[in-house]
$ cat work-v2.cif   # mmCIF, C-alpha atoms
data_input
loop_
_atom_site.label_atom_id
_atom_site.label_comp_id
_atom_site.auth_asym_id
_atom_site.auth_seq_id
_atom_site.Cartn_x
_atom_site.Cartn_y
_atom_site.Cartn_z
CA LYS A 16 37.99 83.16 -63.16
CA VAL A 17 39.01 81.98 -66.64
CA SER A 18 37.99 84.65 -69.14
CA GLN A 19 39.75 83.22 -72.23
CA GLN A 20 41.51 79.99 -73.04
CA THR A 21 43.61 78.85 -76.00
CA PRO A 22 45.66 75.70 -76.58
CA SER A 23 48.78 77.58 -75.42
CA GLY A 24 47.46 79.67 -72.55
CA VAL A 25 44.80 81.18 -70.38
CA VAL A 26 43.61 84.66 -69.37
CA LEU A 27 42.40 84.91 -65.80
CA ALA A 28 40.12 87.74 -64.66
CA VAL A 29 41.20 88.65 -61.12
CA ASP A 30 39.15 90.66 -58.64
CA VAL A 31 40.64 91.15 -55.19
CA ALA A 32 39.08 93.52 -52.68
CA GLY A 33 37.59 95.63 -55.47
CA THR A 34 40.81 95.71 -57.46
CA SER A 35 40.51 93.99 -60.83
CA GLY A 36 42.89 93.04 -63.59
CA ASP A 37 43.91 90.26 -65.94
CA VAL A 38 46.66 87.68 -65.63
CA THR A 39 47.71 85.97 -68.87
CA VAL A 40 49.79 82.79 -68.70
CA GLN A 41 51.06 81.40 -71.99
CA GLY A 42 53.41 78.64 -73.05
CA PHE A 43 55.88 78.90 -75.94
CA GLY A 44 57.77 76.10 -77.66
CA GLY A 45 61.24 75.37 -78.90
CA GLY A 46 63.76 78.13 -78.94
CA THR A 47 61.60 81.00 -77.65
CA THR A 48 63.65 83.03 -75.21
CA PRO A 49 62.03 84.58 -72.14
CA ALA A 50 62.57 88.07 -73.63
CA ALA A 51 60.89 87.05 -76.89
CA ALA A 52 57.98 85.46 -74.99
CA ILE A 53 57.43 88.67 -73.02
CA SER A 54 57.53 90.78 -76.17
CA GLY A 55 55.12 88.49 -78.02
CA GLN A 56 52.68 88.26 -75.16
CA VAL A 57 52.64 91.97 -74.30
CA HIS A 58 52.32 93.12 -77.91
CA GLY A 59 49.46 90.64 -78.38
CA LEU A 60 47.39 92.01 -75.49
CA SER A 61 43.86 92.77 -76.62
CA GLY A 62 42.65 96.35 -76.26
CA VAL A 63 45.97 97.85 -75.09
CA SER A 64 47.24 100.88 -76.99
CA GLN A 65 49.97 103.47 -76.46
CA LEU A 66 52.23 100.69 -75.17
CA ALA A 67 55.63 101.84 -73.90
CA GLY A 68 58.30 100.60 -71.55
CA ASP A 69 57.88 101.84 -67.98
CA THR A 70 61.07 103.78 -67.28
CA ASN A 71 60.34 104.49 -63.61
CA PRO A 72 63.05 102.62 -61.64
CA ALA A 73 60.61 102.10 -58.75
CA HIS A 74 58.37 99.99 -61.02
CA GLN A 75 61.01 97.57 -62.27
CA LEU A 76 60.69 93.89 -61.41
CA LEU A 77 63.26 92.44 -59.06
CA GLY A 78 63.96 88.72 -59.24
CA ALA A 79 61.66 88.03 -62.19
CA GLY A 80 60.77 84.45 -62.93
CA VAL A 81 58.00 81.91 -63.34
CA GLY A 82 57.31 78.90 -61.12
CA TYR A 83 60.28 79.81 -58.90
CA LEU A 84 62.59 79.57 -61.90
CA ALA A 85 64.65 82.70 -62.60
CA GLY A 86 63.94 84.44 -65.89
CA ALA A 87 63.35 87.82 -67.47
CA GLY A 88 60.91 90.57 -66.57
CA ARG A 89 59.76 93.93 -67.92
CA THR A 90 57.22 96.56 -67.02
CA PHE A 91 55.13 98.67 -69.38
CA VAL A 92 52.50 101.38 -69.39
CA GLY A 93 49.64 101.79 -71.81
CA ASP A 94 45.97 102.57 -72.21
CA VAL A 95 42.92 100.32 -72.39
CA THR A 96 40.02 101.70 -74.37
CA SER A 97 36.45 100.72 -73.58
CA PRO A 98 33.03 102.22 -74.35
CA GLN A 99 33.44 104.24 -71.13
CA GLY A 100 36.69 105.81 -72.36
CA SER A 101 40.41 105.27 -72.01
CA GLN A 102 42.12 104.18 -68.82
CA PRO A 103 45.87 104.10 -68.08
CA VAL A 104 47.20 100.64 -67.20
CA SER A 105 50.37 99.21 -65.77
CA ILE A 106 51.69 95.95 -67.15
CA ALA A 107 54.24 93.60 -65.61
CA SER A 108 55.47 90.57 -67.52
CA GLU A 109 57.77 87.74 -66.48
CA ALA A 110 59.00 84.68 -68.35
CA ALA A 111 61.31 81.74 -67.77
CA SER A 112 62.48 78.69 -69.72
CA ARG A 113 63.22 75.12 -68.82
CA GLY A 114 64.30 72.79 -71.59
CA PRO A 115 62.17 73.35 -74.69
CA VAL A 116 59.39 75.18 -72.82
CA THR A 117 59.10 78.91 -72.07
CA VAL A 118 56.24 80.24 -69.95
CA SER A 119 55.31 83.91 -69.85
CA ALA A 120 52.94 85.52 -67.35
CA THR A 121 51.63 89.06 -67.69
CA VAL A 122 49.44 91.09 -65.32
CA VAL A 123 47.47 94.11 -66.51
CA GLY A 124 45.67 96.47 -64.16
CA ALA A 125 44.62 100.07 -63.79
CA THR A 126 47.66 102.15 -62.92
CA SER A 127 45.90 103.37 -59.77
CA ASN A 128 45.49 99.74 -58.57
CA SER A 129 48.84 98.30 -59.67
CA GLY A 130 52.36 98.11 -58.41
CA TYR A 131 54.37 95.66 -56.42
CA HIS A 132 52.51 96.51 -53.17
CA SER A 133 49.04 96.07 -54.69
CA ALA A 134 46.60 93.24 -54.00
CA LEU A 135 46.41 92.59 -57.75
CA TYR A 136 50.16 92.02 -58.06
CA ALA A 137 50.18 89.87 -54.89
CA VAL A 138 47.56 87.52 -56.38
CA ALA A 139 49.36 87.54 -59.75
CA ASP A 140 52.58 86.57 -57.97
CA LEU A 141 50.83 83.57 -56.36
CA ILE A 142 49.52 82.49 -59.77
CA ILE A 143 52.91 82.94 -61.46
CA ASN A 144 54.69 80.98 -58.72
CA SER A 145 52.15 78.12 -58.98
CA VAL A 146 53.44 77.15 -62.46
CA SER A 147 54.88 73.61 -62.32
CA TRP A 148 57.70 72.71 -64.66
CA PRO A 149 57.95 69.26 -66.26
CA GLY A 150 60.55 66.88 -64.96
#
$ encode --input "work-v2.cif" --output "structure tokens"
Amino acid sequence: KVSQQTPSGVVLAVDVAGTSGDVTVQGFGGGTTPAAAISGQVHGLSGVSQLAGDTNPAHQLLGAGVGYLAGAGRTFVGDVTSPQGSQPVSIASEAASRGPVTVSATVVGATSNSGYHSALYAVADLIINSVSWPG
């Protein structure tokens, strides 16, 4: 379900088998590297605080990319604060470039429901791989 939309991207609210999260897909123009796109997108996430790189080797992305095009990837941890309190989240972000276009995709979910074996990350992977590149 689309929860937010801008001229350069979309935030999708995902709910799979009781596991929920957000997938943000955003386009960047001329000269933005995949690493810069990831940094810009992750640091612009609404409501996320205490953001830090995830240093656990088991959580690192292998073969990161967007739309089946190889790129960069990083994982993070943080907290999302709501009226009900603070909740730890895991964040995975991938980006790739083709010509003058860079696309970044970031998935955010509760740490207890995230990880490369989770239903949330499986759906996010399908979304990320569905990106079509021009040309």
$ residues_around --input "work-v2.cif" --residues "Gln56 of chain A" --least-positions-apart "6" --cutoff "12 Å" --atoms "all atoms listed in the file" --output "VMD selection string"
chain A and resid 23 to 26 38 to 43 47 49 to 50 63 89 106 to 110 117 to 123
$ closest_residue --input "work-v2.cif" --among "A:Val57, A:Gly82, A:Val17, A:Asn71" --to "Ile142 of chain A" --atoms "only C-alpha atoms"
A:Gly82
$ closest_residue --input "work-v2.cif" --among "A:Ala52, A:Leu76, A:Ala87, A:Thr70" --to "Tyr136 of chain A" --atoms "all atoms listed in the file"
A:Leu76
$ atom_distance --input "work-v2.cif" --atom1 "atom CA of Val92 of chain A" --atom2 "atom CA of Ser145 of chain A"
25.5 Å
$ residues_around --input "work-v2.cif" --residues "His132 of chain A" --least-positions-apart "6" --cutoff "12 Å" --atoms "only C-alpha atoms" --output "number ranges by chain"
A: 73-74, 76, 138-140
$ closest_residue --input "work-v2.cif" --among "A:Thr48, A:Ser133, A:Thr90, A:Gln19" --to "Pro115 of chain A" --atoms "all atoms listed in the file"
A:Thr48
$ atom_distance --input "work-v2.cif" --atom1 "atom CA of Gln75 of chain A" --atom2 "atom CA of Ser129 of chain A"
12.5 Å
$ resolve_selection --input "work-v2.cif" --expression "the PyMOL selection byres ((chain A and resi 36) around 9)" --output "CSV table (one decimal) with C-alpha atoms, keeping the file's coordinate frame"
chain,number,residue,atom,x,y,z
A,27,LEU,CA,42.4,84.9,-65.8
A,28,ALA,CA,40.1,87.7,-64.7
A,29,VAL,CA,41.2,88.6,-61.1
A,30,ASP,CA,39.2,90.7,-58.6
A,31,VAL,CA,40.6,91.2,-55.2
A,34,THR,CA,40.8,95.7,-57.5
A,35,SER,CA,40.5,94.0,-60.8
A,37,ASP,CA,43.9,90.3,-65.9
A,38,VAL,CA,46.7,87.7,-65.6
A,122,VAL,CA,49.4,91.1,-65.3
A,123,VAL,CA,47.5,94.1,-66.5
A,124,GLY,CA,45.7,96.5,-64.2
A,125,ALA,CA,44.6,100.1,-63.8
A,128,ASN,CA,45.5,99.7,-58.6
A,129,SER,CA,48.8,98.3,-59.7
A,135,LEU,CA,46.4,92.6,-57.8
$ decode --input "work-v2.cif" --residues "segment 33-145 of chain A" --atoms "C-alpha atoms" --output "PDB file, in the first residue's frame"
ATOM      1  CA  GLY A  33       1.510 -10.035  10.571  1.00  0.00           C
ATOM      2  CA  THR A  34       4.970  -8.640   9.920  1.00  0.00           C
ATOM      3  CA  SER A  35       4.926  -4.977   8.939  1.00  0.00           C
ATOM      4  CA  GLY A  36       7.478  -2.482   7.727  1.00  0.00           C
ATOM      5  CA  ASP A  37       8.155   0.218   5.173  1.00  0.00           C
ATOM      6  CA  VAL A  38       9.923   0.045   1.836  1.00  0.00           C
ATOM      7  CA  THR A  39      11.115   3.367   0.409  1.00  0.00           C
ATOM      8  CA  VAL A  40      12.121   3.569  -3.256  1.00  0.00           C
ATOM      9  CA  GLN A  41      13.625   6.838  -4.445  1.00  0.00           C
ATOM     10  CA  GLY A  42      15.269   8.086  -7.612  1.00  0.00           C
ATOM     11  CA  PHE A  43      18.267  10.426  -7.706  1.00  0.00           C
ATOM     12  CA  GLY A  44      19.613  12.385 -10.652  1.00  0.00           C
ATOM     13  CA  GLY A  45      22.918  13.196 -12.251  1.00  0.00           C
ATOM     14  CA  GLY A  46      26.059  12.245 -10.474  1.00  0.00           C
ATOM     15  CA  THR A  47      24.576  10.724  -7.305  1.00  0.00           C
ATOM     16  CA  THR A  48      26.547   7.608  -6.445  1.00  0.00           C
ATOM     17  CA  PRO A  49      24.807   4.565  -4.963  1.00  0.00           C
ATOM     18  CA  ALA A  50      26.622   5.163  -1.645  1.00  0.00           C
ATOM     19  CA  ALA A  51      25.468   8.798  -1.547  1.00  0.00           C
ATOM     20  CA  ALA A  52      21.890   7.764  -2.394  1.00  0.00           C
ATOM     21  CA  ILE A  53      21.863   5.254   0.467  1.00  0.00           C
ATOM     22  CA  SER A  54      23.227   7.820   2.901  1.00  0.00           C
ATOM     23  CA  GLY A  55      20.735  10.480   1.827  1.00  0.00           C
ATOM     24  CA  GLN A  56      17.768   8.158   1.941  1.00  0.00           C
ATOM     25  CA  VAL A  57      18.593   6.533   5.285  1.00  0.00           C
ATOM     26  CA  HIS A  58      19.408   9.814   7.033  1.00  0.00           C
ATOM     27  CA  GLY A  59      16.131  11.249   5.706  1.00  0.00           C
ATOM     28  CA  LEU A  60      13.958   8.494   7.194  1.00  0.00           C
ATOM     29  CA  SER A  61      11.120   9.977   9.211  1.00  0.00           C
ATOM     30  CA  GLY A  62      10.931   9.043  12.889  1.00  0.00           C
ATOM     31  CA  VAL A  63      14.201   7.077  13.037  1.00  0.00           C
ATOM     32  CA  SER A  64      16.661   8.047  15.766  1.00  0.00           C
ATOM     33  CA  GLN A  65      19.837   6.548  17.226  1.00  0.00           C
ATOM     34  CA  LEU A  66      20.878   5.553  13.700  1.00  0.00           C
ATOM     35  CA  ALA A  67      24.103   3.543  13.493  1.00  0.00           C
ATOM     36  CA  GLY A  68      25.739   1.128  11.102  1.00  0.00           C
ATOM     37  CA  ASP A  69      24.930  -2.515  11.841  1.00  0.00           C
ATOM     38  CA  THR A  70      28.309  -4.112  12.522  1.00  0.00           C
ATOM     39  CA  ASN A  71      27.029  -7.682  12.839  1.00  0.00           C
ATOM     40  CA  PRO A  72      28.615  -9.603   9.919  1.00  0.00           C
ATOM     41  CA  ALA A  73      25.559 -11.895   9.755  1.00  0.00           C
ATOM     42  CA  HIS A  74      23.353  -8.899   8.858  1.00  0.00           C
ATOM     43  CA  GLN A  75      25.408  -7.584   5.955  1.00  0.00           C
ATOM     44  CA  LEU A  76      23.877  -7.571   2.480  1.00  0.00           C
ATOM     45  CA  LEU A  77      25.354  -9.926  -0.068  1.00  0.00           C
ATOM     46  CA  GLY A  78      24.993  -9.061  -3.732  1.00  0.00           C
ATOM     47  CA  ALA A  79      23.293  -5.710  -3.181  1.00  0.00           C
ATOM     48  CA  GLY A  80      21.605  -4.084  -6.126  1.00  0.00           C
ATOM     49  CA  VAL A  81      18.379  -2.702  -7.552  1.00  0.00           C
ATOM     50  CA  GLY A  82      16.406  -4.079 -10.489  1.00  0.00           C
ATOM     51  CA  TYR A  83      18.955  -6.887 -10.934  1.00  0.00           C
ATOM     52  CA  LEU A  84      21.697  -4.310 -11.435  1.00  0.00           C
ATOM     53  CA  ALA A  85      24.660  -4.629  -9.054  1.00  0.00           C
ATOM     54  CA  GLY A  86      25.199  -1.723  -6.690  1.00  0.00           C
ATOM     55  CA  ALA A  87      25.946  -0.841  -3.088  1.00  0.00           C
ATOM     56  CA  GLY A  88      24.259  -1.920   0.118  1.00  0.00           C
ATOM     57  CA  ARG A  89      24.426  -1.157   3.836  1.00  0.00           C
ATOM     58  CA  THR A  90      22.608  -2.193   6.968  1.00  0.00           C
ATOM     59  CA  PHE A  91      21.767  -0.045   9.978  1.00  0.00           C
ATOM     60  CA  VAL A  92      20.076  -0.209  13.353  1.00  0.00           C
ATOM     61  CA  GLY A  93      18.041   2.488  15.035  1.00  0.00           C
ATOM     62  CA  ASP A  94      14.919   3.279  17.000  1.00  0.00           C
ATOM     63  CA  VAL A  95      11.473   4.417  15.895  1.00  0.00           C
ATOM     64  CA  THR A  96       9.584   6.481  18.427  1.00  0.00           C
ATOM     65  CA  SER A  97       5.799   6.495  18.527  1.00  0.00           C
ATOM     66  CA  PRO A  98       3.199   7.451  21.152  1.00  0.00           C
ATOM     67  CA  GLN A  99       3.459   3.846  22.397  1.00  0.00           C
ATOM     68  CA  GLY A 100       7.206   4.186  23.015  1.00  0.00           C
ATOM     69  CA  SER A 101      10.452   3.380  21.267  1.00  0.00           C
ATOM     70  CA  GLN A 102      11.054   0.269  19.200  1.00  0.00           C
ATOM     71  CA  PRO A 103      14.372  -1.021  17.813  1.00  0.00           C
ATOM     72  CA  VAL A 104      14.439  -1.325  14.018  1.00  0.00           C
ATOM     73  CA  SER A 105      16.684  -2.895  11.438  1.00  0.00           C
ATOM     74  CA  ILE A 106      17.295  -1.064   8.192  1.00  0.00           C
ATOM     75  CA  ALA A 107      18.674  -2.442   4.938  1.00  0.00           C
ATOM     76  CA  SER A 108      19.377  -0.148   2.005  1.00  0.00           C
ATOM     77  CA  GLU A 109      20.500  -0.893  -1.534  1.00  0.00           C
ATOM     78  CA  ALA A 110      21.189   1.374  -4.497  1.00  0.00           C
ATOM     79  CA  ALA A 111      22.382   1.084  -8.069  1.00  0.00           C
ATOM     80  CA  SER A 112      23.032   3.439 -10.985  1.00  0.00           C
ATOM     81  CA  ARG A 113      22.510   3.225 -14.704  1.00  0.00           C
ATOM     82  CA  GLY A 114      23.458   6.222 -16.787  1.00  0.00           C
ATOM     83  CA  PRO A 115      22.305   9.432 -15.099  1.00  0.00           C
ATOM     84  CA  VAL A 116      19.819   7.669 -12.789  1.00  0.00           C
ATOM     85  CA  THR A 117      20.444   6.190  -9.335  1.00  0.00           C
ATOM     86  CA  VAL A 118      17.694   4.308  -7.507  1.00  0.00           C
ATOM     87  CA  SER A 119      17.843   3.567  -3.793  1.00  0.00           C
ATOM     88  CA  ALA A 120      15.543   1.185  -1.923  1.00  0.00           C
ATOM     89  CA  THR A 121      15.399   0.954   1.859  1.00  0.00           C
ATOM     90  CA  VAL A 122      13.420  -1.431   4.074  1.00  0.00           C
ATOM     91  CA  VAL A 123      12.690  -0.619   7.718  1.00  0.00           C
ATOM     92  CA  GLY A 124      11.173  -3.110  10.132  1.00  0.00           C
ATOM     93  CA  ALA A 125      11.134  -4.081  13.770  1.00  0.00           C
ATOM     94  CA  THR A 126      14.374  -5.844  14.608  1.00  0.00           C
ATOM     95  CA  SER A 127      12.394  -8.871  15.810  1.00  0.00           C
ATOM     96  CA  ASN A 128      10.726  -9.182  12.366  1.00  0.00           C
ATOM     97  CA  SER A 129      13.685  -8.332  10.116  1.00  0.00           C
ATOM     98  CA  GLY A 130      16.648 -10.067   8.620  1.00  0.00           C
ATOM     99  CA  TYR A 131      17.401 -11.765   5.374  1.00  0.00           C
ATOM    100  CA  HIS A 132      15.201 -14.791   6.253  1.00  0.00           C
ATOM    101  CA  SER A 133      12.159 -12.685   7.195  1.00  0.00           C
ATOM    102  CA  ALA A 134       8.930 -12.357   5.214  1.00  0.00           C
ATOM    103  CA  LEU A 135       9.377  -8.565   5.259  1.00  0.00           C
ATOM    104  CA  TYR A 136      12.785  -8.741   3.580  1.00  0.00           C
ATOM    105  CA  ALA A 137      11.504 -11.332   1.064  1.00  0.00           C
ATOM    106  CA  VAL A 138       8.718  -8.981  -0.061  1.00  0.00           C
ATOM    107  CA  ALA A 139      11.128  -6.013  -0.088  1.00  0.00           C
ATOM    108  CA  ASP A 140      13.476  -8.027  -2.304  1.00  0.00           C
ATOM    109  CA  LEU A 141      10.652  -8.656  -4.796  1.00  0.00           C
ATOM    110  CA  ILE A 142       9.856  -4.931  -4.852  1.00  0.00           C
ATOM    111  CA  ILE A 143      13.510  -3.939  -5.251  1.00  0.00           C
ATOM    112  CA  ASN A 144      14.026  -6.433  -8.080  1.00  0.00           C
ATOM    113  CA  SER A 145      10.904  -5.163  -9.898  1.00  0.00           C
TER     114      SER A 145
END
